[in-house]
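Next up, my_file-v1.txt (compact mmCIF, N, CA and C atoms):
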# COMPACT_ATOMS: atom_id res chain seq x y z
N MET I 1 12.34 27.27 12.06
CA MET I 1 13.01 26.56 10.98
C MET I 1 11.95 25.97 10.05
N THR I 2 12.07 26.23 8.79
CA THR I 2 11.08 25.73 7.85
C THR I 2 11.49 24.38 7.28
N VAL I 3 10.47 23.59 7.02
CA VAL I 3 10.69 22.28 6.42
C VAL I 3 10.51 22.45 4.92
N SER I 4 11.46 21.94 4.17
CA SER I 4 11.40 22.12 2.72
C SER I 4 10.26 21.31 2.11
N MET I 5 9.87 21.73 0.94
CA MET I 5 8.81 21.03 0.20
C MET I 5 9.23 19.57 -0.05
N LYS I 6 10.49 19.37 -0.36
CA LYS I 6 11.01 18.03 -0.62
C LYS I 6 10.83 17.15 0.61
N GLU I 7 11.17 17.65 1.80
CA GLU I 7 11.03 16.89 3.04
C GLU I 7 9.58 16.60 3.36
N ARG I 8 8.70 17.58 3.10
CA ARG I 8 7.27 17.38 3.36
C ARG I 8 6.70 16.29 2.45
N LEU I 9 7.09 16.31 1.18
CA LEU I 9 6.61 15.29 0.24
C LEU I 9 7.11 13.90 0.65
N ILE I 10 8.36 13.81 1.01
CA ILE I 10 8.92 12.52 1.43
C ILE I 10 8.19 12.01 2.66
N LYS I 11 7.94 12.89 3.63
CA LYS I 11 7.23 12.47 4.84
C LYS I 11 5.81 12.02 4.51
N LYS I 12 5.14 12.77 3.65
CA LYS I 12 3.77 12.41 3.26
C LYS I 12 3.75 11.03 2.59
N PHE I 13 4.65 10.80 1.66
CA PHE I 13 4.70 9.52 0.97
C PHE I 13 5.11 8.40 1.93
N ASP I 14 6.07 8.66 2.81
CA ASP I 14 6.48 7.64 3.78
C ASP I 14 5.34 7.26 4.72
N ASP I 15 4.56 8.25 5.14
CA ASP I 15 3.41 7.98 6.00
C ASP I 15 2.39 7.09 5.28
N GLU I 16 2.14 7.40 4.00
CA GLU I 16 1.19 6.59 3.23
C GLU I 16 1.73 5.18 3.02
N ILE I 17 3.03 5.07 2.75
CA ILE I 17 3.64 3.75 2.58
C ILE I 17 3.47 2.92 3.85
N GLN I 18 3.71 3.54 5.01
CA GLN I 18 3.57 2.81 6.27
C GLN I 18 2.13 2.36 6.49
N ALA I 19 1.16 3.21 6.19
CA ALA I 19 -0.25 2.84 6.37
C ALA I 19 -0.63 1.70 5.43
N LEU I 20 -0.19 1.78 4.18
CA LEU I 20 -0.50 0.72 3.22
C LEU I 20 0.21 -0.58 3.58
N ASP I 21 1.44 -0.47 4.06
CA ASP I 21 2.19 -1.66 4.47
C ASP I 21 1.50 -2.35 5.64
N ARG I 22 0.98 -1.56 6.58
CA ARG I 22 0.25 -2.12 7.72
C ARG I 22 -1.00 -2.85 7.22
N GLU I 23 -1.71 -2.23 6.27
CA GLU I 23 -2.90 -2.87 5.70
C GLU I 23 -2.52 -4.16 4.99
N LEU I 24 -1.43 -4.13 4.24
CA LEU I 24 -0.98 -5.29 3.47
C LEU I 24 -0.58 -6.45 4.37
N LYS I 25 0.05 -6.14 5.50
CA LYS I 25 0.58 -7.20 6.36
C LYS I 25 -0.37 -7.63 7.47
N LEU I 26 -1.28 -6.76 7.88
CA LEU I 26 -2.14 -7.09 9.01
C LEU I 26 -3.61 -7.30 8.62
N GLU I 27 -4.17 -6.36 7.90
CA GLU I 27 -5.61 -6.40 7.63
C GLU I 27 -5.97 -7.33 6.48
N LEU I 28 -5.27 -7.21 5.37
CA LEU I 28 -5.62 -8.01 4.19
C LEU I 28 -5.47 -9.51 4.41
N PRO I 29 -4.44 -9.99 5.09
CA PRO I 29 -4.38 -11.44 5.33
C PRO I 29 -5.59 -11.95 6.11
N LYS I 30 -6.09 -11.15 7.06
CA LYS I 30 -7.28 -11.55 7.82
C LYS I 30 -8.49 -11.61 6.90
N GLU I 31 -8.63 -10.61 6.00
CA GLU I 31 -9.76 -10.60 5.08
C GLU I 31 -9.70 -11.80 4.13
N ILE I 32 -8.50 -12.09 3.63
CA ILE I 32 -8.34 -13.21 2.71
C ILE I 32 -8.66 -14.53 3.42
N LYS I 33 -8.18 -14.67 4.64
CA LYS I 33 -8.45 -15.89 5.41
C LYS I 33 -9.95 -16.04 5.66
N ARG I 34 -10.59 -14.95 6.05
CA ARG I 34 -12.03 -14.99 6.31
C ARG I 34 -12.79 -15.34 5.03
N ALA I 35 -12.37 -14.79 3.90
CA ALA I 35 -13.03 -15.08 2.63
C ALA I 35 -12.81 -16.53 2.21
N ARG I 36 -11.63 -17.07 2.47
CA ARG I 36 -11.36 -18.47 2.13
C ARG I 36 -12.28 -19.42 2.90
N GLU I 37 -12.61 -19.04 4.11
CA GLU I 37 -13.45 -19.88 4.95
C GLU I 37 -14.90 -19.94 4.44
N LEU I 38 -15.24 -19.02 3.52
CA LEU I 38 -16.60 -18.98 3.00
C LEU I 38 -16.86 -20.06 1.95
N GLY I 39 -15.81 -20.70 1.46
CA GLY I 39 -16.04 -21.80 0.53
C GLY I 39 -15.30 -21.66 -0.78
N ASP I 40 -15.93 -22.15 -1.82
CA ASP I 40 -15.35 -22.25 -3.16
C ASP I 40 -14.76 -20.91 -3.61
N LEU I 41 -13.45 -20.89 -3.86
CA LEU I 41 -12.76 -19.65 -4.21
C LEU I 41 -13.11 -19.16 -5.62
N ARG I 42 -13.51 -20.05 -6.50
CA ARG I 42 -13.84 -19.65 -7.87
C ARG I 42 -15.08 -18.76 -7.92
N GLU I 43 -15.98 -18.93 -6.98
CA GLU I 43 -17.22 -18.16 -6.97
C GLU I 43 -17.32 -17.26 -5.74
N ASN I 44 -16.18 -16.93 -5.17
CA ASN I 44 -16.16 -16.18 -3.93
C ASN I 44 -15.78 -14.72 -4.21
N ALA I 45 -16.78 -13.85 -4.22
CA ALA I 45 -16.56 -12.44 -4.52
C ALA I 45 -15.71 -11.75 -3.45
N GLU I 46 -15.89 -12.14 -2.20
CA GLU I 46 -15.12 -11.54 -1.11
C GLU I 46 -13.63 -11.84 -1.26
N TYR I 47 -13.33 -13.07 -1.64
CA TYR I 47 -11.94 -13.48 -1.85
C TYR I 47 -11.33 -12.71 -3.03
N ALA I 48 -12.08 -12.63 -4.12
CA ALA I 48 -11.60 -11.91 -5.31
C ALA I 48 -11.36 -10.44 -4.99
N ALA I 49 -12.25 -9.83 -4.22
CA ALA I 49 -12.11 -8.42 -3.85
C ALA I 49 -10.89 -8.22 -2.95
N ALA I 50 -10.68 -9.12 -2.00
CA ALA I 50 -9.53 -8.99 -1.10
C ALA I 50 -8.22 -9.16 -1.86
N LYS I 51 -8.17 -10.11 -2.80
CA LYS I 51 -6.96 -10.31 -3.59
C LYS I 51 -6.70 -9.11 -4.51
N GLU I 52 -7.76 -8.54 -5.07
CA GLU I 52 -7.61 -7.36 -5.92
C GLU I 52 -7.10 -6.18 -5.10
N ARG I 53 -7.64 -6.01 -3.90
CA ARG I 53 -7.17 -4.93 -3.02
C ARG I 53 -5.69 -5.14 -2.68
N GLN I 54 -5.31 -6.38 -2.46
CA GLN I 54 -3.91 -6.69 -2.16
C GLN I 54 -3.01 -6.27 -3.33
N ARG I 55 -3.44 -6.57 -4.55
CA ARG I 55 -2.65 -6.18 -5.73
C ARG I 55 -2.56 -4.66 -5.85
N LEU I 56 -3.68 -3.97 -5.60
CA LEU I 56 -3.69 -2.51 -5.69
C LEU I 56 -2.77 -1.88 -4.64
N VAL I 57 -2.81 -2.41 -3.42
CA VAL I 57 -1.97 -1.88 -2.35
C VAL I 57 -0.49 -2.10 -2.68
N GLU I 58 -0.16 -3.28 -3.18
CA GLU I 58 1.23 -3.56 -3.55
C GLU I 58 1.71 -2.62 -4.65
N ALA I 59 0.85 -2.36 -5.64
CA ALA I 59 1.20 -1.46 -6.74
C ALA I 59 1.39 -0.04 -6.23
N ARG I 60 0.51 0.40 -5.34
CA ARG I 60 0.60 1.76 -4.80
C ARG I 60 1.88 1.93 -3.97
N ILE I 61 2.21 0.94 -3.16
CA ILE I 61 3.44 0.99 -2.37
C ILE I 61 4.65 1.10 -3.30
N SER I 62 4.66 0.30 -4.33
CA SER I 62 5.77 0.31 -5.29
C SER I 62 5.90 1.68 -5.95
N MET I 63 4.77 2.25 -6.38
CA MET I 63 4.78 3.56 -7.02
C MET I 63 5.28 4.64 -6.05
N LEU I 64 4.81 4.60 -4.81
CA LEU I 64 5.23 5.60 -3.83
C LEU I 64 6.71 5.48 -3.52
N GLN I 65 7.22 4.25 -3.40
CA GLN I 65 8.64 4.06 -3.14
C GLN I 65 9.48 4.61 -4.30
N LYS I 66 9.00 4.41 -5.51
CA LYS I 66 9.70 4.95 -6.67
C LYS I 66 9.70 6.47 -6.63
N ARG I 67 8.57 7.06 -6.29
CA ARG I 67 8.48 8.52 -6.20
C ARG I 67 9.43 9.07 -5.13
N VAL I 68 9.48 8.39 -3.98
CA VAL I 68 10.38 8.84 -2.91
C VAL I 68 11.83 8.80 -3.40
N SER I 69 12.20 7.74 -4.08
CA SER I 69 13.58 7.66 -4.58
C SER I 69 13.85 8.75 -5.62
N GLU I 70 12.86 9.07 -6.44
CA GLU I 70 13.02 10.15 -7.42
C GLU I 70 13.15 11.50 -6.73
N ILE I 71 12.36 11.71 -5.69
CA ILE I 71 12.42 12.98 -4.96
C ILE I 71 13.78 13.15 -4.30
N HIS I 72 14.33 12.05 -3.77
CA HIS I 72 15.65 12.12 -3.15
C HIS I 72 16.71 12.58 -4.16
N LEU I 73 16.51 12.26 -5.42
CA LEU I 73 17.47 12.64 -6.45
C LEU I 73 17.35 14.09 -6.88
N LEU I 74 16.20 14.71 -6.58
CA LEU I 74 15.99 16.10 -6.97
C LEU I 74 16.96 17.02 -6.24
N ASN I 75 17.48 17.96 -6.98
CA ASN I 75 18.37 18.94 -6.38
C ASN I 75 17.70 20.30 -6.53
N VAL I 76 17.00 20.68 -5.47
CA VAL I 76 16.21 21.91 -5.53
C VAL I 76 17.06 23.09 -5.13

Using C-alpha cells, write down the structure that the file contains.
Amino acid sequence: MTVSMKERLIKKFDDEIQALDRELKLELPKEIKRARELGDLRENAEYAAAKERQRLVEARISMLQKRVSEIHLLNV
C-alpha cells in the first residue's frame, strides 16, 4: 500500500512541529534561565540569542501548522 504525497508531507511537517515544540517547551526555557543567571539582561548576548531562537521557533511552528492545514484542504 502506498502512502500518498499529501500524507508524507503532513507527517514530515508534524514531525518537525513536534521536534520544535519539544525545543520550545523543554530546551529553550533552560537556556533562557541559564542566561538570566549570568547577570544584566541588557548586555547579555546569551539571553538575547535564546529569546531570538524562541521567536524563530514559534514562527516556524506557526508557519508549519498553517501549511498542514492548507495541505488538508488540498483535493488531489

Q: For each of I:Glu37, I:Met5, I:Phe13, I:Leu20, take the minimum atom-to-atom distance to I:Val68, counting only C-alpha atoms, then give the residue where this is smallest.
A: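 That would be I:Phe13, the residue with the smallest distance to I:Val68.
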
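Atom pair atom CA of I:Ile10 / atom C of I:Lys25 has a distance of 23.0 Å (rounded to one decimal).
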
Q) Within 8 Å of I:Glu46, counting all atoms listed in the file, which residues qualify if same-chain residues fewer than 2 places away don't, as number ranges by chain? A) I: 31-32, 34-36, 43-44, 48-52

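The coordinates place atom CA of I:Ile17 at 9.7 Å from atom CA of I:Met63.
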
N, CA, C and O atoms modelled onto stretch 43-62 of chain I, as a PDB file, in the coordinates of the input:
ATOM      1  N   GLU I  43     -15.980 -18.930  -6.980  1.00  0.00           N
ATOM      2  CA  GLU I  43     -17.220 -18.160  -6.970  1.00  0.00           C
ATOM      3  C   GLU I  43     -17.320 -17.260  -5.740  1.00  0.00           C
ATOM      4  O   GLU I  43     -18.400 -16.857  -5.343  1.00  0.00           O
ATOM      5  N   ASN I  44     -16.180 -16.930  -5.170  1.00  0.00           N
ATOM      6  CA  ASN I  44     -16.160 -16.180  -3.930  1.00  0.00           C
ATOM      7  C   ASN I  44     -15.780 -14.720  -4.210  1.00  0.00           C
ATOM      8  O   ASN I  44     -14.621 -14.391  -4.408  1.00  0.00           O
ATOM      9  N   ALA I  45     -16.780 -13.850  -4.220  1.00  0.00           N
ATOM     10  CA  ALA I  45     -16.560 -12.440  -4.520  1.00  0.00           C
ATOM     11  C   ALA I  45     -15.710 -11.750  -3.450  1.00  0.00           C
ATOM     12  O   ALA I  45     -14.892 -10.878  -3.755  1.00  0.00           O
ATOM     13  N   GLU I  46     -15.890 -12.140  -2.200  1.00  0.00           N
ATOM     14  CA  GLU I  46     -15.120 -11.540  -1.110  1.00  0.00           C
ATOM     15  C   GLU I  46     -13.630 -11.840  -1.260  1.00  0.00           C
ATOM     16  O   GLU I  46     -12.785 -10.979  -1.071  1.00  0.00           O
ATOM     17  N   TYR I  47     -13.330 -13.070  -1.640  1.00  0.00           N
ATOM     18  CA  TYR I  47     -11.940 -13.480  -1.850  1.00  0.00           C
ATOM     19  C   TYR I  47     -11.330 -12.710  -3.030  1.00  0.00           C
ATOM     20  O   TYR I  47     -10.232 -12.174  -2.936  1.00  0.00           O
ATOM     21  N   ALA I  48     -12.080 -12.630  -4.120  1.00  0.00           N
ATOM     22  CA  ALA I  48     -11.600 -11.910  -5.310  1.00  0.00           C
ATOM     23  C   ALA I  48     -11.360 -10.440  -4.990  1.00  0.00           C
ATOM     24  O   ALA I  48     -10.351  -9.857  -5.409  1.00  0.00           O
ATOM     25  N   ALA I  49     -12.250  -9.830  -4.220  1.00  0.00           N
ATOM     26  CA  ALA I  49     -12.110  -8.420  -3.850  1.00  0.00           C
ATOM     27  C   ALA I  49     -10.890  -8.220  -2.950  1.00  0.00           C
ATOM     28  O   ALA I  49     -10.149  -7.245  -3.119  1.00  0.00           O
ATOM     29  N   ALA I  50     -10.680  -9.120  -2.000  1.00  0.00           N
ATOM     30  CA  ALA I  50      -9.530  -8.990  -1.100  1.00  0.00           C
ATOM     31  C   ALA I  50      -8.220  -9.160  -1.860  1.00  0.00           C
ATOM     32  O   ALA I  50      -7.257  -8.425  -1.619  1.00  0.00           O
ATOM     33  N   LYS I  51      -8.170 -10.110  -2.800  1.00  0.00           N
ATOM     34  CA  LYS I  51      -6.960 -10.310  -3.590  1.00  0.00           C
ATOM     35  C   LYS I  51      -6.700  -9.110  -4.510  1.00  0.00           C
ATOM     36  O   LYS I  51      -5.563  -8.689  -4.688  1.00  0.00           O
ATOM     37  N   GLU I  52      -7.760  -8.540  -5.070  1.00  0.00           N
ATOM     38  CA  GLU I  52      -7.610  -7.360  -5.920  1.00  0.00           C
ATOM     39  C   GLU I  52      -7.100  -6.180  -5.100  1.00  0.00           C
ATOM     40  O   GLU I  52      -6.226  -5.432  -5.533  1.00  0.00           O
ATOM     41  N   ARG I  53      -7.640  -6.010  -3.900  1.00  0.00           N
ATOM     42  CA  ARG I  53      -7.170  -4.930  -3.020  1.00  0.00           C
ATOM     43  C   ARG I  53      -5.690  -5.140  -2.680  1.00  0.00           C
ATOM     44  O   ARG I  53      -4.917  -4.196  -2.647  1.00  0.00           O
ATOM     45  N   GLN I  54      -5.310  -6.380  -2.460  1.00  0.00           N
ATOM     46  CA  GLN I  54      -3.910  -6.690  -2.160  1.00  0.00           C
ATOM     47  C   GLN I  54      -3.010  -6.270  -3.330  1.00  0.00           C
ATOM     48  O   GLN I  54      -1.968  -5.650  -3.128  1.00  0.00           O
ATOM     49  N   ARG I  55      -3.440  -6.570  -4.550  1.00  0.00           N
ATOM     50  CA  ARG I  55      -2.650  -6.180  -5.730  1.00  0.00           C
ATOM     51  C   ARG I  55      -2.560  -4.660  -5.850  1.00  0.00           C
ATOM     52  O   ARG I  55      -1.504  -4.109  -6.176  1.00  0.00           O
ATOM     53  N   LEU I  56      -3.680  -3.970  -5.600  1.00  0.00           N
ATOM     54  CA  LEU I  56      -3.690  -2.510  -5.690  1.00  0.00           C
ATOM     55  C   LEU I  56      -2.770  -1.880  -4.640  1.00  0.00           C
ATOM     56  O   LEU I  56      -2.048  -0.925  -4.926  1.00  0.00           O
ATOM     57  N   VAL I  57      -2.810  -2.410  -3.420  1.00  0.00           N
ATOM     58  CA  VAL I  57      -1.970  -1.880  -2.350  1.00  0.00           C
ATOM     59  C   VAL I  57      -0.490  -2.100  -2.680  1.00  0.00           C
ATOM     60  O   VAL I  57       0.330  -1.196  -2.508  1.00  0.00           O
ATOM     61  N   GLU I  58      -0.160  -3.280  -3.180  1.00  0.00           N
ATOM     62  CA  GLU I  58       1.230  -3.560  -3.550  1.00  0.00           C
ATOM     63  C   GLU I  58       1.710  -2.620  -4.650  1.00  0.00           C
ATOM     64  O   GLU I  58       2.829  -2.106  -4.605  1.00  0.00           O
ATOM     65  N   ALA I  59       0.850  -2.360  -5.640  1.00  0.00           N
ATOM     66  CA  ALA I  59       1.200  -1.460  -6.740  1.00  0.00           C
ATOM     67  C   ALA I  59       1.390  -0.040  -6.230  1.00  0.00           C
ATOM     68  O   ALA I  59       2.319   0.672  -6.638  1.00  0.00           O
ATOM     69  N   ARG I  60       0.510   0.400  -5.340  1.00  0.00           N
ATOM     70  CA  ARG I  60       0.600   1.760  -4.800  1.00  0.00           C
ATOM     71  C   ARG I  60       1.880   1.930  -3.970  1.00  0.00           C
ATOM     72  O   ARG I  60       2.553   2.949  -4.078  1.00  0.00           O
ATOM     73  N   ILE I  61       2.210   0.940  -3.160  1.00  0.00           N
ATOM     74  CA  ILE I  61       3.440   0.990  -2.370  1.00  0.00           C
ATOM     75  C   ILE I  61       4.650   1.100  -3.300  1.00  0.00           C
ATOM     76  O   ILE I  61       5.543   1.918  -3.084  1.00  0.00           O
ATOM     77  N   SER I  62       4.660   0.300  -4.330  1.00  0.00           N
ATOM     78  CA  SER I  62       5.770   0.310  -5.290  1.00  0.00           C
ATOM     79  C   SER I  62       5.900   1.680  -5.950  1.00  0.00           C
ATOM     80  O   SER I  62       7.005   2.226  -6.079  1.00  0.00           O
TER      81      SER I  62
END
